[in-house]
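Have a look at the structure below, then the notes.
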Amino acid sequence: MTPNPTRPDPVQPATEDARQLAHRLLTLSHAALAWEDPDTGTPGISRIAFARDPQAGLLTLISGLAPHFRALRDRPDCALMLGEVGDTGDPLIHPRLMIRARAQFVAPDDPARPALRDRWLQRSPKARAYIDLPDFAFVRLQPASALLNGGFARAFHISPEDL
């Protein structure tokens with residue numbers, strides 16, 4: 001099926017309310033991460049720990065044992081989905097934010113890492129059990145574009161700067 005070039009884009013420019021909703025979704029402590037398998041080229045998806053760090057931006061901490069670790073090293077383009085399904089109603093009416101991003105690993109000797117570590121542990125104290133293991137790495141997720149679905153007929157383009 002060929003798209004209709006005369007049909008207007010149903011996704012609206014971001015409004016202040018849309019930006020505020022996107023910021024609320026960015027406070028979630030987890031996300032779904034989509035990545036491409038470097039061996040097969042097929043998509044994969046993982047649930048990750050997630051934070052919007054005040055200095056580093058969008059961030060995760062992942063183990064070298066996870067399949068998405070190598071996938072992001074080899075092919076850093078990825079996507080995130082943030083959102084929660086509410087207690088009632090159709091799950092498709094609840095807000096969700098999809099972000100296209102590029103993964104950037106933080107080197108173990110990066111001068112910013114100790115502060116990242118401290119802020120991560122403030123948000124996730126249980127990570128103390130594994131954060132310093134040698135196979136764990138912080139990964140910045142640099143946004144390229146975002147789409148907010150705020151519920152039925154409420155879709156918005158969100159710029160990386162608005163995240």
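Residue numbering restarts at 1 for every chain of the structure tokens, chains are lettered A, B, ... in their displayed order, and ligands are numbered from 1 as they appear.
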Determine, for each residue of segment 63-95 of chain A having at least one atom at most 9 Å from an atom of segment 22-39 of chain A, the closest pair of atoms and their separation in Å to one decimal, counting only C-alpha atoms; order by chain and ascending number, as a Markdown table.
| residue | atom | partner | partner_atom | distance |
| --- | --- | --- | --- | --- |
| A:Pro67 | CA | A:Asp37 | CA | 8.1 |
| A:His68 | CA | A:Trp35 | CA | 6.6 |
| A:Arg70 | CA | A:Pro38 | CA | 7.8 |
| A:Ala71 | CA | A:Asp37 | CA | 5.5 |
| A:Leu72 | CA | A:Trp35 | CA | 6.9 |
| A:Asp74 | CA | A:Pro38 | CA | 6.4 |
| A:Arg75 | CA | A:Pro38 | CA | 6.8 |
| A:Pro76 | CA | A:Trp35 | CA | 8.0 |
| A:Asp77 | CA | A:Trp35 | CA | 7.1 |
| A:Cys78 | CA | A:Trp35 | CA | 5.0 |
| A:Ala79 | CA | A:Ala34 | CA | 5.0 |
| A:Leu80 | CA | A:Leu33 | CA | 4.7 |
| A:Met81 | CA | A:Ala32 | CA | 5.1 |
| A:Leu82 | CA | A:Ala31 | CA | 5.0 |
| A:Gly83 | CA | A:Leu25 | CA | 6.1 |
| A:Glu84 | CA | A:Leu25 | CA | 8.5 |
| A:Pro95 | CA | A:Leu25 | CA | 8.1 |
Hey, can you spit out that residue selection with N, CA and C atoms as an mmCIF file, in the first residue's frame?
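Here's the written file out_9.cif:
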data_model
loop_
_atom_site.group_PDB
_atom_site.id
_atom_site.type_symbol
_atom_site.label_atom_id
_atom_site.label_comp_id
_atom_site.auth_asym_id
_atom_site.auth_seq_id
_atom_site.Cartn_x
_atom_site.Cartn_y
_atom_site.Cartn_z
ATOM 1 N N PRO A 67 22.148 -9.761 25.964
ATOM 2 C CA PRO A 67 22.329 -9.747 24.507
ATOM 3 C C PRO A 67 22.360 -8.339 23.915
ATOM 4 N N HIS A 68 21.691 -7.398 24.549
ATOM 5 C CA HIS A 68 21.679 -6.044 24.003
ATOM 6 C C HIS A 68 23.001 -5.311 24.245
ATOM 7 N N ARG A 70 26.193 -6.404 23.541
ATOM 8 C CA ARG A 70 26.964 -6.544 22.297
ATOM 9 C C ARG A 70 26.226 -5.912 21.118
ATOM 10 N N ALA A 71 24.910 -6.064 21.102
ATOM 11 C CA ALA A 71 24.132 -5.489 20.002
ATOM 12 C C ALA A 71 24.340 -3.976 19.931
ATOM 13 N N LEU A 72 24.302 -3.297 21.074
ATOM 14 C CA LEU A 72 24.492 -1.846 21.076
ATOM 15 C C LEU A 72 25.925 -1.454 20.763
ATOM 16 N N ASP A 74 27.883 -3.084 18.676
ATOM 17 C CA ASP A 74 28.070 -3.282 17.240
ATOM 18 C C ASP A 74 27.170 -2.401 16.379
ATOM 19 N N ARG A 75 25.965 -2.163 16.858
ATOM 20 C CA ARG A 75 24.975 -1.376 16.111
ATOM 21 C C ARG A 75 24.262 -0.465 17.104
ATOM 22 N N PRO A 76 24.774 0.731 17.317
ATOM 23 C CA PRO A 76 24.265 1.580 18.399
ATOM 24 C C PRO A 76 22.882 2.194 18.186
ATOM 25 N N ASP A 77 22.330 2.106 16.978
ATOM 26 C CA ASP A 77 20.976 2.637 16.794
ATOM 27 C C ASP A 77 19.991 1.743 17.531
ATOM 28 N N CYS A 78 19.072 2.370 18.258
ATOM 29 C CA CYS A 78 18.129 1.618 19.075
ATOM 30 C C CYS A 78 16.867 2.453 19.259
ATOM 31 N N ALA A 79 15.916 1.906 19.982
ATOM 32 C CA ALA A 79 14.695 2.638 20.312
ATOM 33 C C ALA A 79 14.254 2.253 21.710
ATOM 34 N N LEU A 80 13.627 3.198 22.387
ATOM 35 C CA LEU A 80 13.099 3.000 23.737
ATOM 36 C C LEU A 80 11.596 3.184 23.719
ATOM 37 N N MET A 81 10.916 2.436 24.569
ATOM 38 C CA MET A 81 9.488 2.647 24.783
ATOM 39 C C MET A 81 9.284 2.790 26.286
ATOM 40 N N LEU A 82 8.701 3.922 26.676
ATOM 41 C CA LEU A 82 8.379 4.180 28.072
ATOM 42 C C LEU A 82 6.881 4.331 28.200
ATOM 43 N N GLY A 83 6.320 3.714 29.208
ATOM 44 C CA GLY A 83 4.891 3.835 29.462
ATOM 45 C C GLY A 83 4.446 2.751 30.412
ATOM 46 N N GLU A 84 3.314 2.967 31.011
ATOM 47 C CA GLU A 84 2.702 2.001 31.923
ATOM 48 C C GLU A 84 1.265 1.792 31.488
ATOM 49 N N PRO A 95 -0.800 6.550 27.905
ATOM 50 C CA PRO A 95 0.302 7.245 27.247
ATOM 51 C C PRO A 95 1.583 6.417 27.172
#
Fill in: helix (DSSP H, G or I) call set, DSSP backbone run, chain A, as JSON, numbers by chain
{"A": [16, 17, 18, 19, 20, 21, 22, 23, 24, 25, 67, 68, 69, 70, 71, 72, 73, 74, 91, 92, 93, 113, 114, 115, 116, 117, 118, 119, 120, 121, 122, 123, 125, 126, 127, 128, 129, 160, 161, 162]}
Restricting it to N, CA and C atoms, dump the selection as a short mmCIF file (atom, residue, chain, number, x, y, z; two decimals), in the first residue's frame.
data_model
loop_
_atom_site.label_atom_id
_atom_site.label_comp_id
_atom_site.auth_asym_id
_atom_site.auth_seq_id
_atom_site.Cartn_x
_atom_site.Cartn_y
_atom_site.Cartn_z
N GLU A 16 2.79 22.25 24.99
CA GLU A 16 3.36 22.27 26.35
C GLU A 16 2.82 21.09 27.16
N ASP A 17 1.53 20.77 27.03
CA ASP A 17 0.98 19.61 27.74
C ASP A 17 1.64 18.31 27.29
N ALA A 18 1.92 18.18 26.00
CA ALA A 18 2.58 16.98 25.48
C ALA A 18 4.00 16.87 26.04
N ARG A 19 4.71 17.98 26.09
CA ARG A 19 6.07 17.96 26.65
C ARG A 19 6.04 17.58 28.13
N GLN A 20 5.07 18.09 28.87
CA GLN A 20 4.96 17.74 30.29
C GLN A 20 4.65 16.25 30.47
N LEU A 21 3.78 15.71 29.62
CA LEU A 21 3.47 14.28 29.69
C LEU A 21 4.71 13.45 29.36
N ALA A 22 5.46 13.86 28.34
CA ALA A 22 6.71 13.16 28.00
C ALA A 22 7.67 13.19 29.19
N HIS A 23 7.78 14.31 29.86
CA HIS A 23 8.68 14.41 31.03
C HIS A 23 8.21 13.50 32.16
N ARG A 24 6.91 13.37 32.34
CA ARG A 24 6.41 12.43 33.38
C ARG A 24 6.80 11.00 33.03
N LEU A 25 6.67 10.63 31.76
CA LEU A 25 7.04 9.28 31.34
C LEU A 25 8.54 9.04 31.51
N PRO A 67 22.15 -9.76 25.96
CA PRO A 67 22.33 -9.75 24.51
C PRO A 67 22.36 -8.34 23.91
N HIS A 68 21.69 -7.40 24.55
CA HIS A 68 21.68 -6.04 24.00
C HIS A 68 23.00 -5.31 24.25
N PHE A 69 23.85 -5.79 25.13
CA PHE A 69 25.15 -5.16 25.35
C PHE A 69 25.97 -5.20 24.07
N ARG A 70 26.19 -6.40 23.54
CA ARG A 70 26.96 -6.54 22.30
C ARG A 70 26.23 -5.91 21.12
N ALA A 71 24.91 -6.06 21.10
CA ALA A 71 24.13 -5.49 20.00
C ALA A 71 24.34 -3.98 19.93
N LEU A 72 24.30 -3.30 21.07
CA LEU A 72 24.49 -1.85 21.08
C LEU A 72 25.93 -1.45 20.76
N ARG A 73 26.88 -2.28 21.16
CA ARG A 73 28.29 -2.00 20.81
C ARG A 73 28.49 -2.06 19.29
N ASP A 74 27.88 -3.08 18.68
CA ASP A 74 28.07 -3.28 17.24
C ASP A 74 27.17 -2.40 16.38
N PRO A 91 -5.33 -1.09 26.90
CA PRO A 91 -3.95 -0.66 27.10
C PRO A 91 -3.47 0.36 26.08
N LEU A 92 -4.15 0.43 24.93
CA LEU A 92 -3.72 1.37 23.90
C LEU A 92 -4.16 2.82 24.17
N ILE A 93 -4.97 3.03 25.21
CA ILE A 93 -5.37 4.40 25.51
C ILE A 93 -4.42 5.07 26.49
N ARG A 113 32.12 9.12 35.20
CA ARG A 113 31.53 7.88 35.71
C ARG A 113 31.27 7.88 37.22
N PRO A 114 32.20 8.34 38.07
CA PRO A 114 31.91 8.31 39.52
C PRO A 114 30.64 9.08 39.89
N ALA A 115 30.43 10.23 39.27
CA ALA A 115 29.21 11.00 39.57
C ALA A 115 27.97 10.28 39.02
N LEU A 116 28.09 9.67 37.82
CA LEU A 116 26.98 8.88 37.28
C LEU A 116 26.62 7.77 38.24
N ARG A 117 27.66 7.06 38.72
CA ARG A 117 27.47 5.95 39.65
C ARG A 117 26.74 6.42 40.91
N ASP A 118 27.19 7.54 41.49
CA ASP A 118 26.57 8.04 42.71
C ASP A 118 25.11 8.39 42.50
N ARG A 119 24.81 9.08 41.40
CA ARG A 119 23.41 9.46 41.12
C ARG A 119 22.56 8.22 40.83
N TRP A 120 23.13 7.22 40.14
CA TRP A 120 22.39 5.99 39.85
C TRP A 120 22.02 5.30 41.16
N LEU A 121 22.98 5.22 42.08
CA LEU A 121 22.72 4.54 43.36
C LEU A 121 21.72 5.31 44.22
N GLN A 122 21.65 6.62 44.08
CA GLN A 122 20.62 7.38 44.80
C GLN A 122 19.23 6.95 44.33
N ARG A 123 19.09 6.71 43.02
CA ARG A 123 17.80 6.31 42.46
C ARG A 123 17.54 4.82 42.64
N PRO A 125 19.24 2.06 44.87
CA PRO A 125 20.22 1.59 45.85
C PRO A 125 20.53 0.09 45.75
N LYS A 126 19.60 -0.70 45.27
CA LYS A 126 19.84 -2.15 45.14
C LYS A 126 20.89 -2.47 44.09
N ALA A 127 21.18 -1.51 43.20
CA ALA A 127 22.21 -1.73 42.18
C ALA A 127 23.60 -1.83 42.79
N ARG A 128 23.73 -1.47 44.06
CA ARG A 128 25.03 -1.56 44.74
C ARG A 128 25.60 -2.98 44.65
N ALA A 129 24.73 -3.98 44.53
CA ALA A 129 25.17 -5.38 44.47
C ALA A 129 25.91 -5.71 43.17
N PRO A 160 14.29 16.03 20.30
CA PRO A 160 15.29 15.60 21.28
C PRO A 160 15.57 16.66 22.34
N GLU A 161 15.52 17.93 21.96
CA GLU A 161 15.76 19.01 22.92
C GLU A 161 14.67 19.08 23.99
N ASP A 162 13.47 18.62 23.65
CA ASP A 162 12.36 18.65 24.62
C ASP A 162 12.42 17.49 25.60
#
Discussion item. Set the distance at 9 Å and use only C-alpha atoms: which residues neighbour segment 138-146 of chain A once local chain neighbours fewer than 4 positions away are removed? I'd like the list as number ranges by chain.
Written reply: A: 56-62, 78-80, 97-108, 113, 116-117, 156-161, 163
With C-alpha atoms retained, export the selected residues as a PDB file, in the first residue's frame.
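Contents of out_12.pdb, freshly written:
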ATOM      1  CA  ALA A  56      24.198  12.605  31.303  1.00  0.00           C
ATOM      2  CA  GLY A  57      20.716  12.661  29.767  1.00  0.00           C
ATOM      3  CA  LEU A  58      18.981   9.349  29.049  1.00  0.00           C
ATOM      4  CA  LEU A  59      20.939   6.541  30.650  1.00  0.00           C
ATOM      5  CA  THR A  60      20.957   2.833  31.379  1.00  0.00           C
ATOM      6  CA  LEU A  61      23.272   0.404  33.159  1.00  0.00           C
ATOM      7  CA  ILE A  62      23.674  -2.977  31.462  1.00  0.00           C
ATOM      8  CA  CYS A  78      18.129   1.618  19.075  1.00  0.00           C
ATOM      9  CA  ALA A  79      14.695   2.638  20.312  1.00  0.00           C
ATOM     10  CA  LEU A  80      13.099   3.000  23.737  1.00  0.00           C
ATOM     11  CA  LEU A  97       6.750   7.582  24.559  1.00  0.00           C
ATOM     12  CA  MET A  98       8.883   6.069  21.797  1.00  0.00           C
ATOM     13  CA  ILE A  99      12.391   7.440  21.412  1.00  0.00           C
ATOM     14  CA  ARG A 100      14.810   6.662  18.588  1.00  0.00           C
ATOM     15  CA  ALA A 101      18.307   6.895  20.013  1.00  0.00           C
ATOM     16  CA  ARG A 102      21.969   6.096  19.554  1.00  0.00           C
ATOM     17  CA  ALA A 103      23.835   4.256  22.319  1.00  0.00           C
ATOM     18  CA  GLN A 104      27.135   5.651  23.601  1.00  0.00           C
ATOM     19  CA  PHE A 105      29.024   3.535  26.144  1.00  0.00           C
ATOM     20  CA  VAL A 106      30.643   5.360  29.062  1.00  0.00           C
ATOM     21  CA  ALA A 107      34.249   4.189  29.445  1.00  0.00           C
ATOM     22  CA  PRO A 108      35.205   2.797  32.876  1.00  0.00           C
ATOM     23  CA  ARG A 113      31.529   7.879  35.706  1.00  0.00           C
ATOM     24  CA  LEU A 116      26.975   8.882  37.278  1.00  0.00           C
ATOM     25  CA  ARG A 117      27.471   5.951  39.654  1.00  0.00           C
ATOM     26  CA  PHE A 156       2.867  14.360  19.078  1.00  0.00           C
ATOM     27  CA  HIS A 157       6.342  14.770  17.605  1.00  0.00           C
ATOM     28  CA  ILE A 158       8.737  15.471  20.493  1.00  0.00           C
ATOM     29  CA  SER A 159      12.124  16.946  19.662  1.00  0.00           C
ATOM     30  CA  PRO A 160      15.293  15.602  21.283  1.00  0.00           C
ATOM     31  CA  GLU A 161      15.758  19.011  22.917  1.00  0.00           C
ATOM     32  CA  LEU A 163      13.444  15.440  26.293  1.00  0.00           C
TER      33      LEU A 163
END
Discussion item. Using Å and a single decimal, report how far atom CA of Val85 of chain A sits from atom CA of Gly151 of chain A.
Written reply: 11.3 Å
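With only C-alpha atoms as the atoms that count, the residue of A:Thr15, A:Pro54, A:Asn149, A:Leu65 with the shortest distance to Ala137 of chain A is A:Leu65.
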Item to complete: Mind giving me the straight-line distance from atom CA of Ala49 of chain A to atom CA of Ala66 of chain A in Å, one decimal?
Response: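 Result for atom CA of Ala49 of chain A versus atom CA of Ala66 of chain A: 12.5 Å, one decimal.
For the set A:Ser46, A:Val11, A:Phe152, A:Thr40, the residue with the smallest atom-to-atom gap to Asp90 of chain A is A:Phe152, counting only C-alpha atoms.
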Fill in: Gap from atom CA of Ile45 of chain A to atom CA of Asp87 of chain A - Å, one decimal
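Spanning atom CA of Ile45 of chain A to atom CA of Asp87 of chain A is a straight-line distance of 23.9 Å.
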Item to complete: Check the smallest atom-to-atom distance from each of A:Asp110, A:Gly64, A:His94, A:Gly150 to Phe136 of chain A using only C-alpha atoms, then report the winner.
Response: A:Gly64
